[in-house]
file protein.cif (mmCIF, C-alpha atoms)
data_input
loop_
_atom_site.group_PDB
_atom_site.id
_atom_site.type_symbol
_atom_site.label_atom_id
_atom_site.label_comp_id
_atom_site.auth_asym_id
_atom_site.auth_seq_id
_atom_site.Cartn_x
_atom_site.Cartn_y
_atom_site.Cartn_z
ATOM 1 C CA MET A 283 41.199 0.005 43.198
ATOM 2 C CA LYS A 284 38.956 0.113 40.135
ATOM 3 C CA THR A 285 40.725 3.287 38.900
ATOM 4 C CA ASN A 286 44.114 1.568 39.003
ATOM 5 C CA ARG A 287 42.749 -1.355 36.960
ATOM 6 C CA ILE A 288 41.481 0.990 34.237
ATOM 7 C CA TRP A 289 44.885 2.660 33.994
ATOM 8 C CA ILE A 290 46.620 -0.719 33.732
ATOM 9 C CA GLU A 291 44.229 -1.751 30.939
ATOM 10 C CA ILE A 292 44.871 1.520 29.092
ATOM 11 C CA VAL A 293 48.648 1.045 29.358
ATOM 12 C CA LEU A 294 48.402 -2.588 28.164
ATOM 13 C CA LEU A 295 46.161 -1.605 25.253
ATOM 14 C CA GLY A 296 48.568 1.180 24.248
ATOM 15 C CA THR A 297 51.505 -1.238 24.446
ATOM 16 C CA ALA A 298 49.700 -3.809 22.280
ATOM 17 C CA ILE A 299 48.843 -1.173 19.662
ATOM 18 C CA ALA A 300 52.443 0.097 19.640
ATOM 19 C CA CYS A 301 53.799 -3.451 19.153
ATOM 20 C CA ALA A 302 51.344 -4.154 16.335
ATOM 21 C CA LEU A 303 52.275 -0.882 14.627
ATOM 22 C CA ALA A 304 56.006 -1.625 14.985
ATOM 23 C CA LEU A 305 55.506 -5.083 13.456
ATOM 24 C CA PHE A 306 53.538 -3.594 10.560
ATOM 25 C CA ILE A 307 56.236 -0.998 9.860
ATOM 26 C CA ALA A 308 58.978 -3.649 10.044
ATOM 27 C CA THR A 309 57.077 -5.816 7.543
ATOM 28 C CA LEU A 310 56.716 -2.896 5.145
ATOM 29 C CA GLY A 311 60.429 -2.134 5.479
ATOM 30 C CA ALA A 312 61.399 -5.746 4.764
ATOM 31 C CA ALA A 313 59.160 -5.853 1.683
ATOM 32 C CA ALA A 314 60.590 -2.574 0.404
ATOM 33 C CA GLY A 315 64.142 -3.813 1.012
ATOM 34 C CA ALA A 316 63.492 -7.032 -0.909
ATOM 35 C CA ALA A 317 62.015 -5.092 -3.831
ATOM 36 C CA ALA A 318 64.962 -2.696 -3.845
ATOM 37 C CA SER A 319 67.528 -5.510 -3.827
ATOM 38 C CA GLU A 320 65.736 -7.252 -6.710
ATOM 39 C CA ALA A 321 65.702 -4.006 -8.700
ATOM 40 C CA ALA A 322 69.407 -3.495 -7.970
ATOM 41 C CA ALA A 323 70.177 -7.035 -9.117
ATOM 42 C CA GLN A 324 68.373 -6.413 -12.397
ATOM 43 C CA GLU A 325 70.246 -3.143 -12.906
ATOM 44 C CA ALA A 326 73.552 -4.906 -12.173
ATOM 45 C CA GLN A 327 73.118 -7.137 -15.213
ATOM 46 C CA SER A 328 75.342 -6.402 -18.122
ATOM 47 C CA PRO A 329 73.708 -4.216 -20.799
ATOM 48 C CA GLY A 330 73.139 -7.158 -23.163
ATOM 49 C CA ALA A 331 71.948 -9.590 -20.469
ATOM 50 C CA GLN A 332 68.453 -10.981 -20.699
ATOM 51 C CA THR A 333 66.435 -13.448 -18.665
ATOM 52 C CA TYR A 334 65.513 -16.799 -20.185
ATOM 53 C CA GLU A 335 63.241 -19.440 -18.674
ATOM 54 C CA GLY A 336 62.985 -23.025 -19.777
ATOM 55 C CA MET A 337 64.130 -26.602 -19.244
ATOM 56 C CA VAL A 338 67.814 -27.383 -18.721
ATOM 57 C CA THR A 339 68.532 -30.469 -20.807
ATOM 58 C CA CYS A 340 71.158 -31.852 -23.179
ATOM 59 C CA SER A 341 71.951 -31.115 -26.814
ATOM 60 C CA ARG A 342 71.475 -34.775 -27.732
ATOM 61 C CA CYS A 343 67.903 -35.281 -26.436
ATOM 62 C CA GLY A 344 66.544 -31.737 -26.307
ATOM 63 C CA ALA A 345 63.017 -31.686 -24.900
ATOM 64 C CA ARG A 346 62.389 -35.379 -25.610
ATOM 65 C CA HIS A 347 64.245 -37.905 -23.522
ATOM 66 C CA SER A 348 64.002 -41.575 -24.412
ATOM 67 C CA ALA A 349 61.469 -43.401 -22.254
ATOM 68 C CA VAL A 350 63.019 -46.697 -23.361
ATOM 69 C CA LEU A 351 66.003 -46.157 -21.049
ATOM 70 C CA GLY A 352 63.725 -45.871 -18.013
ATOM 71 C CA GLN A 353 65.586 -42.828 -16.667
ATOM 72 C CA THR A 354 64.314 -39.488 -15.453
ATOM 73 C CA ALA A 355 64.984 -36.412 -17.568
ATOM 74 C CA ALA A 356 67.630 -35.328 -15.038
ATOM 75 C CA ASP A 357 69.480 -38.652 -15.167
ATOM 76 C CA CYS A 358 69.264 -38.818 -18.958
ATOM 77 C CA THR A 359 70.656 -35.282 -19.265
ATOM 78 C CA ARG A 360 73.580 -36.021 -16.942
ATOM 79 C CA VAL A 361 74.423 -39.256 -18.789
ATOM 80 C CA CYS A 362 74.320 -37.499 -22.173
ATOM 81 C CA VAL A 363 76.530 -34.631 -20.940
ATOM 82 C CA ARG A 364 79.063 -37.115 -19.542
ATOM 83 C CA GLY A 365 78.974 -38.734 -22.990
ATOM 84 C CA GLY A 366 79.926 -35.509 -24.777
ATOM 85 C CA ALA A 367 76.654 -33.613 -25.211
ATOM 86 C CA SER A 368 76.296 -30.011 -24.037
ATOM 87 C CA PHE A 369 73.813 -28.440 -21.662
ATOM 88 C CA VAL A 370 71.057 -26.541 -23.456
ATOM 89 C CA LEU A 371 68.025 -24.509 -22.481
ATOM 90 C CA VAL A 372 64.786 -25.381 -24.241
ATOM 91 C CA ASP A 373 62.062 -22.753 -24.121
ATOM 92 C CA GLY A 374 59.102 -21.774 -26.279
ATOM 93 C CA HIS A 375 61.356 -19.912 -28.752
ATOM 94 C CA GLY A 376 63.991 -22.567 -29.374
ATOM 95 C CA THR A 377 67.044 -24.344 -28.034
ATOM 96 C CA TYR A 378 70.088 -22.436 -26.762
ATOM 97 C CA LEU A 379 73.520 -23.811 -25.853
ATOM 98 C CA LEU A 380 74.533 -22.859 -22.289
ATOM 99 C CA ASP A 381 78.016 -21.529 -21.569
ATOM 100 C CA GLY A 382 78.519 -21.587 -17.806
ATOM 101 C CA ASP A 383 79.418 -23.601 -14.709
ATOM 102 C CA VAL A 384 78.789 -27.269 -15.559
ATOM 103 C CA SER A 385 78.374 -28.304 -11.893
ATOM 104 C CA VAL A 386 75.567 -25.780 -11.353
ATOM 105 C CA LEU A 387 73.884 -26.795 -14.591
ATOM 106 C CA GLY A 388 74.206 -30.455 -13.583
ATOM 107 C CA ARG A 389 72.184 -29.801 -10.436
ATOM 108 C CA LEU A 390 69.418 -28.209 -12.539
ATOM 109 C CA ALA A 391 69.451 -30.913 -15.226
ATOM 110 C CA GLY A 392 65.953 -31.912 -16.257
ATOM 111 C CA GLN A 393 64.391 -29.007 -14.330
ATOM 112 C CA ARG A 394 62.950 -25.629 -15.194
ATOM 113 C CA ALA A 395 65.412 -22.791 -14.622
ATOM 114 C CA ARG A 396 65.672 -19.024 -14.895
ATOM 115 C CA ILE A 397 68.918 -18.064 -16.604
ATOM 116 C CA VAL A 398 70.305 -14.563 -16.901
ATOM 117 C CA GLY A 399 72.897 -14.125 -19.581
ATOM 118 C CA GLU A 400 73.971 -12.639 -22.858
ATOM 119 C CA LEU A 401 72.840 -14.278 -26.094
ATOM 120 C CA ASN A 402 75.440 -14.617 -28.839
ATOM 121 C CA GLY A 403 73.999 -16.471 -31.823
ATOM 122 C CA LYS A 404 72.423 -19.575 -30.256
ATOM 123 C CA THR A 405 74.683 -19.604 -27.158
ATOM 124 C CA ILE A 406 73.819 -17.996 -23.825
ATOM 125 C CA LYS A 407 76.830 -16.822 -21.780
ATOM 126 C CA ILE A 408 75.439 -17.326 -18.259
ATOM 127 C CA SER A 409 75.621 -14.578 -15.598
ATOM 128 C CA SER A 410 73.346 -16.278 -13.055
ATOM 129 C CA VAL A 411 71.191 -19.377 -12.774
ATOM 130 C CA ALA A 412 68.258 -20.097 -10.468
ATOM 131 C CA ALA A 413 65.744 -22.895 -10.240
ATOM 132 C CA GLY A 414 62.571 -21.977 -12.106
ATOM 133 C CA THR A 415 59.098 -21.764 -10.706
#
call {"tool": "encode", "arguments": {"input": "protein.cif", "output": "structure tokens"}}
result
Amino acid sequence: MKTNRIWIEIVLLGTAIACALALFIATLGAAAGAAASEAAAQEAQSPGAQTYEGMVTCSRCGARHSAVLGQTAADCTRVCVRGGASFVLVDGHGTYLLDGDVSVLGRLAGQRARIVGELNGKTIKISSVAAGT
């Protein structure tokens, strides 16, 4: 009876080790797949595309929205764009006009964003937009 119990424990221990090893290998595969897809996305950019990070705002207010109006930066940006201003990206190097989907930019108004695009003068032709970190 005691011999059978030892064999059952050995089989259970082997099964637990095999499951843990399979989980570890699956995790490594998922991490490698994510890294490969990110590298492929960067390679898929057009030759002149660069990544820019900064605040999506409006050409009227730039980085400084009026506190007198009592609105958030997002609301102020949307109001200014409806009034004829353009979306811009403000980063540490300057202010760039954004040429892209206005609805997507409207959702990121007043927020940090990562923009991939091609710079032409002071205008960025947007390839992709993501919320910044």
call {"tool": "closest_residue", "arguments": {"input": "protein.cif", "among": "A:Ala391, A:Leu380, A:Ile292, A:Cys362", "to": "Lys404 in chain A", "atoms": "all atoms listed in the file"}}
result
A:Leu380
call {"tool": "residues_around", "arguments": {"input": "protein.cif", "residues": "Asp383 in chain A", "least_positions_apart": "2", "cutoff": "12 Å", "atoms": "all atoms listed in the file", "output": "list in words"}}
result
Ser368, Phe369, Leu380, Asp381, Ser385, Val386, Leu387, Gly388, Arg389, Leu390, Lys407, Ile408, Ser409, Ser410 and Val411 of chain A
call {"tool": "atom_distance", "arguments": {"input": "protein.cif", "atom1": "CA of Ile288 in chain A", "atom2": "CA of Ile307 in chain A"}}
result
28.6 Å
call {"tool": "closest_residue", "arguments": {"input": "protein.cif", "among": "A:Ala302, A:Ile406, A:Ala355, A:Ala313", "to": "Cys343 in chain A", "atoms": "only C-alpha atoms"}}
result
A:Ala355
call {"tool": "residues_around", "arguments": {"input": "protein.cif", "residues": "Thr405 in chain A", "least_positions_apart": "3", "cutoff": "9 Å", "atoms": "all atoms listed in the file", "output": "PDB file with C-alpha atoms, keeping the file's coordinate frame"}}
result
ATOM      1  CA  VAL A 370      71.057 -26.541 -23.456  1.00  0.00           C
ATOM      2  CA  TYR A 378      70.088 -22.436 -26.762  1.00  0.00           C
ATOM      3  CA  LEU A 379      73.520 -23.811 -25.853  1.00  0.00           C
ATOM      4  CA  LEU A 380      74.533 -22.859 -22.289  1.00  0.00           C
ATOM      5  CA  ASP A 381      78.016 -21.529 -21.569  1.00  0.00           C
ATOM      6  CA  GLU A 400      73.971 -12.639 -22.858  1.00  0.00           C
ATOM      7  CA  LEU A 401      72.840 -14.278 -26.094  1.00  0.00           C
ATOM      8  CA  ASN A 402      75.440 -14.617 -28.839  1.00  0.00           C
TER       9      ASN A 402
END
call {"tool": "atom_distance", "arguments": {"input": "protein.cif", "atom1": "CA of Cys340 in chain A", "atom2": "CA of His375 in chain A"}}
result
16.4 Å
call {"tool": "residues_around", "arguments": {"input": "protein.cif", "residues": "Tyr334 in chain A", "least_positions_apart": "2", "cutoff": "8 Å", "atoms": "only C-alpha atoms", "output": "ChimeraX atom specification"}}
result
/A:332,336,373,396-399
call {"tool": "decode", "arguments": {"input": "protein.cif", "residues": "range 295-410 of chain A", "atoms": "C-alpha atoms", "output": "PDB file, in the first residue's frame"}}
result
ATOM      1  CA  LEU A 295       5.101  15.688  -8.780  1.00  0.00           C
ATOM      2  CA  GLY A 296       6.147  14.960 -12.377  1.00  0.00           C
ATOM      3  CA  THR A 297       2.809  16.282 -13.652  1.00  0.00           C
ATOM      4  CA  ALA A 298       3.152  19.485 -11.608  1.00  0.00           C
ATOM      5  CA  ILE A 299       6.693  20.066 -12.895  1.00  0.00           C
ATOM      6  CA  ALA A 300       5.577  19.449 -16.494  1.00  0.00           C
ATOM      7  CA  CYS A 301       2.691  21.939 -16.133  1.00  0.00           C
ATOM      8  CA  ALA A 302       4.968  24.574 -14.604  1.00  0.00           C
ATOM      9  CA  LEU A 303       7.501  24.095 -17.405  1.00  0.00           C
ATOM     10  CA  ALA A 304       4.773  24.338 -20.069  1.00  0.00           C
ATOM     11  CA  LEU A 305       3.485  27.574 -18.512  1.00  0.00           C
ATOM     12  CA  PHE A 306       7.006  29.015 -18.426  1.00  0.00           C
ATOM     13  CA  ILE A 307       7.613  28.156 -22.088  1.00  0.00           C
ATOM     14  CA  ALA A 308       4.232  29.619 -23.096  1.00  0.00           C
ATOM     15  CA  THR A 309       5.066  32.858 -21.258  1.00  0.00           C
ATOM     16  CA  LEU A 310       8.416  33.110 -23.026  1.00  0.00           C
ATOM     17  CA  GLY A 311       6.720  32.500 -26.376  1.00  0.00           C
ATOM     18  CA  ALA A 312       4.116  35.202 -25.732  1.00  0.00           C
ATOM     19  CA  ALA A 313       6.806  37.711 -24.737  1.00  0.00           C
ATOM     20  CA  ALA A 314       8.856  36.893 -27.829  1.00  0.00           C
ATOM     21  CA  GLY A 315       5.769  37.215 -30.040  1.00  0.00           C
ATOM     22  CA  ALA A 316       4.919  40.627 -28.587  1.00  0.00           C
ATOM     23  CA  ALA A 317       8.485  41.841 -29.127  1.00  0.00           C
ATOM     24  CA  ALA A 318       8.480  40.547 -32.697  1.00  0.00           C
ATOM     25  CA  SER A 319       5.170  42.235 -33.533  1.00  0.00           C
ATOM     26  CA  GLU A 320       6.418  45.542 -32.097  1.00  0.00           C
ATOM     27  CA  ALA A 321       9.604  45.281 -34.166  1.00  0.00           C
ATOM     28  CA  ALA A 322       7.548  44.494 -37.275  1.00  0.00           C
ATOM     29  CA  ALA A 323       5.316  47.501 -36.627  1.00  0.00           C
ATOM     30  CA  GLN A 324       8.354  49.761 -36.392  1.00  0.00           C
ATOM     31  CA  GLU A 325       9.774  48.334 -39.619  1.00  0.00           C
ATOM     32  CA  ALA A 326       6.408  48.851 -41.344  1.00  0.00           C
ATOM     33  CA  GLN A 327       6.658  52.608 -40.863  1.00  0.00           C
ATOM     34  CA  SER A 328       7.373  54.614 -43.931  1.00  0.00           C
ATOM     35  CA  PRO A 329      11.069  55.482 -44.380  1.00  0.00           C
ATOM     36  CA  GLY A 330      10.580  59.096 -43.255  1.00  0.00           C
ATOM     37  CA  ALA A 331       8.265  58.278 -40.330  1.00  0.00           C
ATOM     38  CA  GLN A 332       9.367  59.173 -36.840  1.00  0.00           C
ATOM     39  CA  THR A 333       7.810  58.889 -33.405  1.00  0.00           C
ATOM     40  CA  TYR A 334       6.821  62.043 -31.544  1.00  0.00           C
ATOM     41  CA  GLU A 335       5.547  62.280 -27.974  1.00  0.00           C
ATOM     42  CA  GLY A 336       3.829  65.248 -26.436  1.00  0.00           C
ATOM     43  CA  MET A 337       0.532  66.919 -25.580  1.00  0.00           C
ATOM     44  CA  VAL A 338      -2.278  67.049 -28.138  1.00  0.00           C
ATOM     45  CA  THR A 339      -3.709  70.556 -27.937  1.00  0.00           C
ATOM     46  CA  CYS A 340      -4.904  73.363 -30.202  1.00  0.00           C
ATOM     47  CA  SER A 341      -3.040  75.919 -32.294  1.00  0.00           C
ATOM     48  CA  ARG A 342      -4.781  78.774 -30.482  1.00  0.00           C
ATOM     49  CA  CYS A 343      -3.799  77.912 -26.878  1.00  0.00           C
ATOM     50  CA  GLY A 344      -0.736  75.715 -27.341  1.00  0.00           C
ATOM     51  CA  ALA A 345       0.539  74.441 -23.999  1.00  0.00           C
ATOM     52  CA  ARG A 346      -1.243  77.141 -21.983  1.00  0.00           C
ATOM     53  CA  HIS A 347      -4.997  76.957 -21.739  1.00  0.00           C
ATOM     54  CA  SER A 348      -6.885  79.801 -20.108  1.00  0.00           C
ATOM     55  CA  ALA A 349      -7.790  79.030 -16.503  1.00  0.00           C
ATOM     56  CA  VAL A 350     -10.306  81.886 -16.607  1.00  0.00           C
ATOM     57  CA  LEU A 351     -12.732  79.773 -18.653  1.00  0.00           C
ATOM     58  CA  GLY A 352     -12.795  77.071 -15.973  1.00  0.00           C
ATOM     59  CA  GLN A 353     -12.444  74.264 -18.529  1.00  0.00           C
ATOM     60  CA  THR A 354     -10.105  71.303 -18.645  1.00  0.00           C
ATOM     61  CA  ALA A 355      -7.357  71.262 -21.260  1.00  0.00           C
ATOM     62  CA  ALA A 356      -9.341  68.648 -23.209  1.00  0.00           C
ATOM     63  CA  ASP A 357     -12.527  70.731 -23.258  1.00  0.00           C
ATOM     64  CA  CYS A 358     -10.636  73.909 -24.137  1.00  0.00           C
ATOM     65  CA  THR A 359      -8.875  72.149 -27.025  1.00  0.00           C
ATOM     66  CA  ARG A 360     -12.133  70.767 -28.427  1.00  0.00           C
ATOM     67  CA  VAL A 361     -13.851  74.169 -28.191  1.00  0.00           C
ATOM     68  CA  CYS A 362     -10.935  75.904 -29.931  1.00  0.00           C
ATOM     69  CA  VAL A 363     -10.837  73.300 -32.731  1.00  0.00           C
ATOM     70  CA  ARG A 364     -14.592  73.672 -33.279  1.00  0.00           C
ATOM     71  CA  GLY A 365     -13.918  77.416 -33.491  1.00  0.00           C
ATOM     72  CA  GLY A 366     -11.389  77.029 -36.310  1.00  0.00           C
ATOM     73  CA  ALA A 367      -8.100  76.192 -34.585  1.00  0.00           C
ATOM     74  CA  SER A 368      -6.067  73.139 -35.598  1.00  0.00           C
ATOM     75  CA  PHE A 369      -4.827  70.224 -33.539  1.00  0.00           C
ATOM     76  CA  VAL A 370      -1.145  70.508 -32.654  1.00  0.00           C
ATOM     77  CA  LEU A 371       1.403  68.451 -30.768  1.00  0.00           C
ATOM     78  CA  VAL A 372       3.473  70.300 -28.190  1.00  0.00           C
ATOM     79  CA  ASP A 373       6.676  68.603 -27.094  1.00  0.00           C
ATOM     80  CA  GLY A 374      10.033  69.711 -25.723  1.00  0.00           C
ATOM     81  CA  HIS A 375      11.271  70.709 -29.206  1.00  0.00           C
ATOM     82  CA  GLY A 376       8.349  72.828 -30.366  1.00  0.00           C
ATOM     83  CA  THR A 377       4.811  72.852 -31.691  1.00  0.00           C
ATOM     84  CA  TYR A 378       3.787  70.795 -34.732  1.00  0.00           C
ATOM     85  CA  LEU A 379       0.524  70.947 -36.689  1.00  0.00           C
ATOM     86  CA  LEU A 380      -1.164  67.521 -36.905  1.00  0.00           C
ATOM     87  CA  ASP A 381      -2.543  66.262 -40.211  1.00  0.00           C
ATOM     88  CA  GLY A 382      -4.729  63.244 -39.475  1.00  0.00           C
ATOM     89  CA  ASP A 383      -8.113  61.915 -38.366  1.00  0.00           C
ATOM     90  CA  VAL A 384      -9.808  64.714 -36.403  1.00  0.00           C
ATOM     91  CA  SER A 385     -12.095  62.316 -34.479  1.00  0.00           C
ATOM     92  CA  VAL A 386      -9.125  60.335 -33.139  1.00  0.00           C
ATOM     93  CA  LEU A 387      -7.273  63.514 -32.237  1.00  0.00           C
ATOM     94  CA  GLY A 388     -10.408  64.823 -30.513  1.00  0.00           C
ATOM     95  CA  ARG A 389     -10.420  61.824 -28.183  1.00  0.00           C
ATOM     96  CA  LEU A 390      -6.785  62.537 -27.241  1.00  0.00           C
ATOM     97  CA  ALA A 391      -7.284  66.294 -26.826  1.00  0.00           C
ATOM     98  CA  GLY A 392      -5.520  67.615 -23.753  1.00  0.00           C
ATOM     99  CA  GLN A 393      -3.667  64.318 -23.213  1.00  0.00           C
ATOM    100  CA  ARG A 394      -0.176  63.024 -23.829  1.00  0.00           C
ATOM    101  CA  ALA A 395       0.091  60.982 -27.024  1.00  0.00           C
ATOM    102  CA  ARG A 396       2.613  59.029 -29.062  1.00  0.00           C
ATOM    103  CA  ILE A 397       2.321  59.955 -32.728  1.00  0.00           C
ATOM    104  CA  VAL A 398       4.056  58.207 -35.592  1.00  0.00           C
ATOM    105  CA  GLY A 399       4.256  60.209 -38.761  1.00  0.00           C
ATOM    106  CA  GLU A 400       6.291  62.047 -41.327  1.00  0.00           C
ATOM    107  CA  LEU A 401       7.419  65.601 -40.596  1.00  0.00           C
ATOM    108  CA  ASN A 402       7.125  68.106 -43.433  1.00  0.00           C
ATOM    109  CA  GLY A 403       8.154  71.570 -42.269  1.00  0.00           C
ATOM    110  CA  LYS A 404       6.159  72.048 -39.050  1.00  0.00           C
ATOM    111  CA  THR A 405       3.358  69.605 -39.994  1.00  0.00           C
ATOM    112  CA  ILE A 406       3.258  65.934 -39.016  1.00  0.00           C
ATOM    113  CA  LYS A 407       1.374  63.673 -41.459  1.00  0.00           C
ATOM    114  CA  ILE A 408       0.052  61.058 -39.008  1.00  0.00           C
ATOM    115  CA  SER A 409       0.476  57.304 -39.631  1.00  0.00           C
ATOM    116  CA  SER A 410      -0.677  56.154 -36.184  1.00  0.00           C
TER     117      SER A 410
END
